[in-house]
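Take a look at the structure set out below.
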Amino acid sequence: MNIPSNVLQFSQTYGVTELIESFADYYNQYKSEVMNKPTVFSKTMDFAEKGKLLHASIEATIARISGVSTCGFSEAVVRNNPVYQWATFAVIGAIVDPVIADSINSDFGRFAEVRNGGFGDTFSFDIKSSDLFITTKAGNGKRHAFAQRQHNGQATLVPENRMLTVGEDLYRILSGKRNLAEYAIKVALSFEEELATEIYNAINDTYGSLPANFTAASFTQATFIPICAKVKAFNGGASVGVFGTQVALSSILPTDVQLRYELGAEYNKTGFLTQYQGVNLYCMDQKADWTSSTYATKLDDTRLYIIPSSSDKLVKVAIEGETMTFADTISTNATLTQKQTMHKKFAVALISSAKFGIIDLS
């Protein structure tokens, strides 16, 4: 697991490395069993049992780090201590940060580069040329052809703050009824989903500005193969993959009816083909728009993205510092509730000289 340097320092100082690894294992099991994503996790116990043990381990770690004495006091009094509350969200942030970066790398590593840094960092990315040199036919008396040079560009990303506010009944907090392992999973998934959506939009929003030779207004065999071949050619022969939602990928089918029959078993198993005309197809999980009253989704089901496996990844992701949490005091709320706001700083942008294509299915 790739632990960001700021989290690594915290884990070494307070001895929470084992807890971080346990939560990563729990998170992977959740993704595998609930979200049906292939992950590696320990199978020594079931998910529910692992969650209970992890919750107890998180609470024990919080008590140890906070140093708040429980002698003569009830658990409710201890949990109401500001130092205990600080320790709670310091631990939650420490276990959440590594799984966010790992998940983004796992889901988008084929075309997104993720970097972690400390607070106040800006992130510079070199833009490598994807061109090859031009070979010139010339006579024996020629000293040289026209000189060619390739220069790397550079772009800078400055992370911006995102906030996630959660309200909770004070009674549930003081009584310890909130499962901290489940809470941490929701926080991680929420930030991860926002990052995934922004990575997707960084590519999708370029459709109107792409050269006409790298776009198509419909999917046919006659449009699909030439764009894939062109993307491969103009990226120095790098292999290409096609990305899209399950709905978008389901549109990729041979024109020939006989070929469709032959591919029927694979299509029925996954809802889309995993390879077409020698090109690998990759499914991007749809994302819910939680602000929509009509159950809208965020990813466009009418777009296919032809992306090269270039060393210069299309999208760059910069994550600054650890997750910070600020809790309101009880007196600031009209009722006996407590609000915690989690802050996460990151930036996403398309920074690359690699060529890619988009097919619009609508």
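For the structure tokens, the naming scheme is as follows: chains receive sequential letters (A, B, ...) according to their order of presentation, residues are indexed from 1 within each chain, and ligands are indexed from 1 in presentation order.
With only C-alpha atoms taken into account, the protein and nucleic acid residues at most 12 Å from range 37-44 of chain A (excluding it and anything under 2 positions from it in its own chain) are Met1, Glu21, Ser22, Phe23, Ala24, Asp25, Tyr26, Tyr27, Asn28, Gln29, Tyr30, Lys31, Ser32, Glu33, Val34, Met35, Asp46, Phe47, Glu49, Lys50, Asp102, Ser103, Ser106, Asp107, Cys283, Met284 and Asp285 of chain A.
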Problem - Within 9 Å of range 217-232 of chain A using only C-alpha atoms, minus same-chain residues under 5 positions, as an MDAnalysis selection string - result: chainID A and resid 237:242 251:255 277 279 304 306:308 354:362
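Nearest to Asp312 in chain A of all the residues A:Lys287, A:Lys52, A:Lys128, A:Lys345 is A:Lys128, based on only C-alpha atoms.
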Handout entry: Selected residue, from A:Leu19, A:Ala288, A:Ala90, A:Leu299, that lies nearest to Ile65 in chain A when counting only C-alpha atoms
Key = A:Ala90
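Comparing the minimum interatomic distances between Ile127 in chain A and each of A:Ala196, A:Leu180, A:Val91, A:Ile351, counting only C-alpha atoms, we find that A:Ile351 sits nearest.
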Handout entry: In range 122-361 of chain A, DSSP alpha helix (DSSP H) residues written as JSON, numbers by chain
Key = {"A": [170, 171, 172, 173, 174, 175, 180, 181, 182, 183, 184, 185, 186, 187, 188, 189, 190, 191, 192, 193, 194, 195, 196, 197, 198, 199, 200, 201, 202, 203, 204, 221, 222, 223, 224, 225, 226, 227, 228, 229, 230, 231, 232, 233, 246, 247, 248, 249, 257, 258, 259, 260, 261, 262, 264, 265, 266, 267, 268, 269, 270]}
Exercise for the section: Considering only C-alpha atoms, return as a PyMOL selection string whatever protein or nucleic-acid residues lie within 12 Å of Asp97 in chain A, sequence-local ones (same chain, fewer than 6 positions apart) excluded. Expected result: chain A and resi 1-8+10-11+20-21+23-24+27+89-91+103-104+116-117+184-185+187-189+191-192+319-324+342-346
Exercise for the section: Would you please work out which residue, of A:Thr215, A:Thr341, A:Ser209, A:Thr135, is nearest to Asn161 in chain A when using only C-alpha atoms? Expected result: A:Thr341
Problem - Selected residue of minimal separation from Tyr183 in chain A among A:Ala216, A:Leu195, A:Ala63, A:Leu54, counting only C-alpha atoms - result: A:Leu54
Exercise for the section: Please identify which residues in range 112-318 of chain A DSSP calls strand (DSSP E) from the backbone, and express them as a PyMOL selection string. Expected result: chain A and resi 112-117+123-127+153-157+160-169+215-216+240-244+275-276+279-283+303-308+315-318
Would you mind exporting N, CA and C atoms of the selected residues as a compact mmCIF listing (two decimals), in the first residue's frame?
```txt
# COMPACT_ATOMS: atom_id res chain seq x y z
N ALA A 112 -4.28 7.99 -15.46
CA ALA A 112 -4.19 9.08 -14.48
C ALA A 112 -2.99 8.87 -13.57
N GLU A 113 -2.26 9.94 -13.32
CA GLU A 113 -1.11 9.91 -12.41
C GLU A 113 -1.49 10.65 -11.12
N VAL A 114 -1.29 9.98 -9.99
CA VAL A 114 -1.66 10.56 -8.70
C VAL A 114 -0.40 10.89 -7.90
N ARG A 115 -0.35 12.13 -7.38
CA ARG A 115 0.76 12.53 -6.52
C ARG A 115 0.21 13.06 -5.19
N ASN A 116 0.92 12.72 -4.11
CA ASN A 116 0.58 13.22 -2.78
C ASN A 116 1.66 14.18 -2.30
N GLY A 117 1.26 15.21 -1.60
CA GLY A 117 2.22 16.17 -1.06
C GLY A 117 1.76 16.70 0.28
N PHE A 123 2.22 21.42 -7.33
CA PHE A 123 2.68 20.23 -8.03
C PHE A 123 3.01 20.57 -9.48
N SER A 124 4.24 20.32 -9.88
CA SER A 124 4.67 20.58 -11.25
C SER A 124 4.77 19.26 -12.01
N PHE A 125 4.23 19.26 -13.23
CA PHE A 125 4.24 18.08 -14.07
C PHE A 125 4.92 18.41 -15.40
N ASP A 126 5.87 17.57 -15.80
CA ASP A 126 6.49 17.72 -17.11
C ASP A 126 5.57 17.15 -18.18
N ILE A 127 5.49 17.84 -19.29
CA ILE A 127 4.68 17.38 -20.43
C ILE A 127 5.63 16.86 -21.49
N GLY A 153 7.23 20.40 -21.99
CA GLY A 153 6.52 21.51 -21.38
C GLY A 153 6.38 21.27 -19.89
N GLN A 154 5.77 22.18 -19.21
CA GLN A 154 5.55 22.01 -17.77
C GLN A 154 4.26 22.72 -17.36
N ALA A 155 3.51 22.09 -16.48
CA ALA A 155 2.28 22.68 -15.97
C ALA A 155 2.24 22.50 -14.46
N THR A 156 1.56 23.40 -13.79
CA THR A 156 1.49 23.38 -12.32
C THR A 156 0.04 23.24 -11.87
N LEU A 157 -0.16 22.39 -10.89
CA LEU A 157 -1.48 22.22 -10.28
C LEU A 157 -1.45 22.74 -8.85
N GLU A 160 -7.27 22.62 -4.58
CA GLU A 160 -8.33 23.45 -3.99
C GLU A 160 -9.06 22.63 -2.93
N ASN A 161 -9.59 23.33 -1.95
CA ASN A 161 -10.22 22.65 -0.81
C ASN A 161 -11.62 22.16 -1.15
N ARG A 162 -11.93 20.95 -0.70
CA ARG A 162 -13.29 20.40 -0.76
C ARG A 162 -13.74 20.12 0.67
N MET A 163 -15.02 20.29 0.92
CA MET A 163 -15.53 20.07 2.28
C MET A 163 -16.69 19.07 2.27
N LEU A 164 -16.75 18.30 3.33
CA LEU A 164 -17.81 17.32 3.52
C LEU A 164 -18.27 17.45 4.97
N THR A 165 -19.51 17.91 5.18
CA THR A 165 -20.02 18.13 6.53
C THR A 165 -21.03 17.06 6.91
N VAL A 166 -20.84 16.49 8.08
CA VAL A 166 -21.72 15.44 8.58
C VAL A 166 -22.30 15.87 9.91
N GLY A 167 -23.62 15.77 10.06
CA GLY A 167 -24.28 16.08 11.33
C GLY A 167 -24.63 14.79 12.05
N GLU A 168 -24.46 14.79 13.36
CA GLU A 168 -24.72 13.57 14.13
C GLU A 168 -25.36 13.94 15.46
N ASP A 169 -26.29 13.11 15.93
CA ASP A 169 -26.86 13.32 17.27
C ASP A 169 -25.76 13.16 18.32
N THR A 215 -12.31 12.45 -33.36
CA THR A 215 -13.68 12.35 -32.84
C THR A 215 -14.59 11.72 -33.89
N ALA A 216 -15.71 11.19 -33.43
CA ALA A 216 -16.74 10.66 -34.32
C ALA A 216 -18.09 10.87 -33.67
N VAL A 240 -3.68 1.02 -27.23
CA VAL A 240 -4.80 1.86 -26.82
C VAL A 240 -5.87 1.00 -26.15
N GLY A 241 -6.66 1.63 -25.31
CA GLY A 241 -7.81 0.99 -24.69
C GLY A 241 -9.01 1.90 -24.82
N VAL A 242 -10.18 1.32 -24.80
CA VAL A 242 -11.41 2.10 -24.89
C VAL A 242 -12.12 2.05 -23.55
N PHE A 243 -12.47 3.23 -23.03
CA PHE A 243 -13.09 3.35 -21.72
C PHE A 243 -14.49 3.94 -21.88
N GLY A 244 -15.40 3.51 -21.04
CA GLY A 244 -16.76 4.02 -21.05
C GLY A 244 -17.57 3.37 -19.96
N GLN A 275 -13.17 -7.07 -25.27
CA GLN A 275 -12.24 -6.77 -26.36
C GLN A 275 -13.02 -6.73 -27.67
N TYR A 276 -12.64 -5.78 -28.52
CA TYR A 276 -13.32 -5.64 -29.81
C TYR A 276 -12.29 -5.22 -30.85
N VAL A 279 -8.88 -4.47 -29.57
CA VAL A 279 -8.73 -3.36 -28.63
C VAL A 279 -9.42 -3.73 -27.31
N ASN A 280 -8.72 -3.57 -26.20
CA ASN A 280 -9.31 -3.87 -24.89
C ASN A 280 -10.31 -2.80 -24.48
N LEU A 281 -11.42 -3.24 -23.88
CA LEU A 281 -12.48 -2.33 -23.43
C LEU A 281 -12.54 -2.36 -21.91
N TYR A 282 -12.62 -1.17 -21.29
CA TYR A 282 -12.59 -1.06 -19.83
C TYR A 282 -13.83 -0.31 -19.35
N CYS A 283 -14.50 -0.90 -18.36
CA CYS A 283 -15.74 -0.32 -17.84
C CYS A 283 -15.44 0.67 -16.72
N ARG A 303 -20.67 8.33 -24.42
CA ARG A 303 -19.31 8.63 -24.88
C ARG A 303 -18.38 7.41 -24.69
N LEU A 304 -17.52 7.21 -25.69
CA LEU A 304 -16.44 6.23 -25.62
C LEU A 304 -15.13 6.98 -25.73
N TYR A 305 -14.14 6.59 -24.93
CA TYR A 305 -12.86 7.31 -24.89
C TYR A 305 -11.74 6.37 -25.31
N ILE A 306 -11.04 6.75 -26.37
CA ILE A 306 -9.93 5.94 -26.88
C ILE A 306 -8.65 6.55 -26.33
N ILE A 307 -8.02 5.84 -25.39
CA ILE A 307 -6.91 6.41 -24.62
C ILE A 307 -5.67 5.54 -24.77
N PRO A 308 -4.51 6.15 -25.02
CA PRO A 308 -3.28 5.36 -25.16
C PRO A 308 -2.69 5.01 -23.80
N VAL A 315 -4.30 12.40 -17.45
CA VAL A 315 -4.83 13.21 -16.34
C VAL A 315 -3.86 13.19 -15.18
N LYS A 316 -3.68 14.36 -14.58
CA LYS A 316 -2.81 14.47 -13.41
C LYS A 316 -3.68 14.82 -12.20
N VAL A 317 -3.39 14.14 -11.08
CA VAL A 317 -4.14 14.34 -9.83
C VAL A 317 -3.15 14.74 -8.75
N ALA A 318 -3.40 15.86 -8.10
CA ALA A 318 -2.53 16.34 -7.02
C ALA A 318 -3.33 16.39 -5.72
```
Fill in the blank from the handout: What separates CA of Thr197 in chain A and CA of Asp300 in chain A is a distance of 10.5 Å
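Between CA of Asn105 in chain A and CA of Gly278 in chain A lies a distance of 24.9 Å.
Of note, CA of Ala349 in chain A and CA of Ile199 in chain A are spaced 7.3 Å apart.
Shortest atom-to-atom contact with Ala233 in chain A among A:Pro98, A:Ser310, A:Ser293, A:Phe108: A:Ser310, counting only C-alpha atoms.
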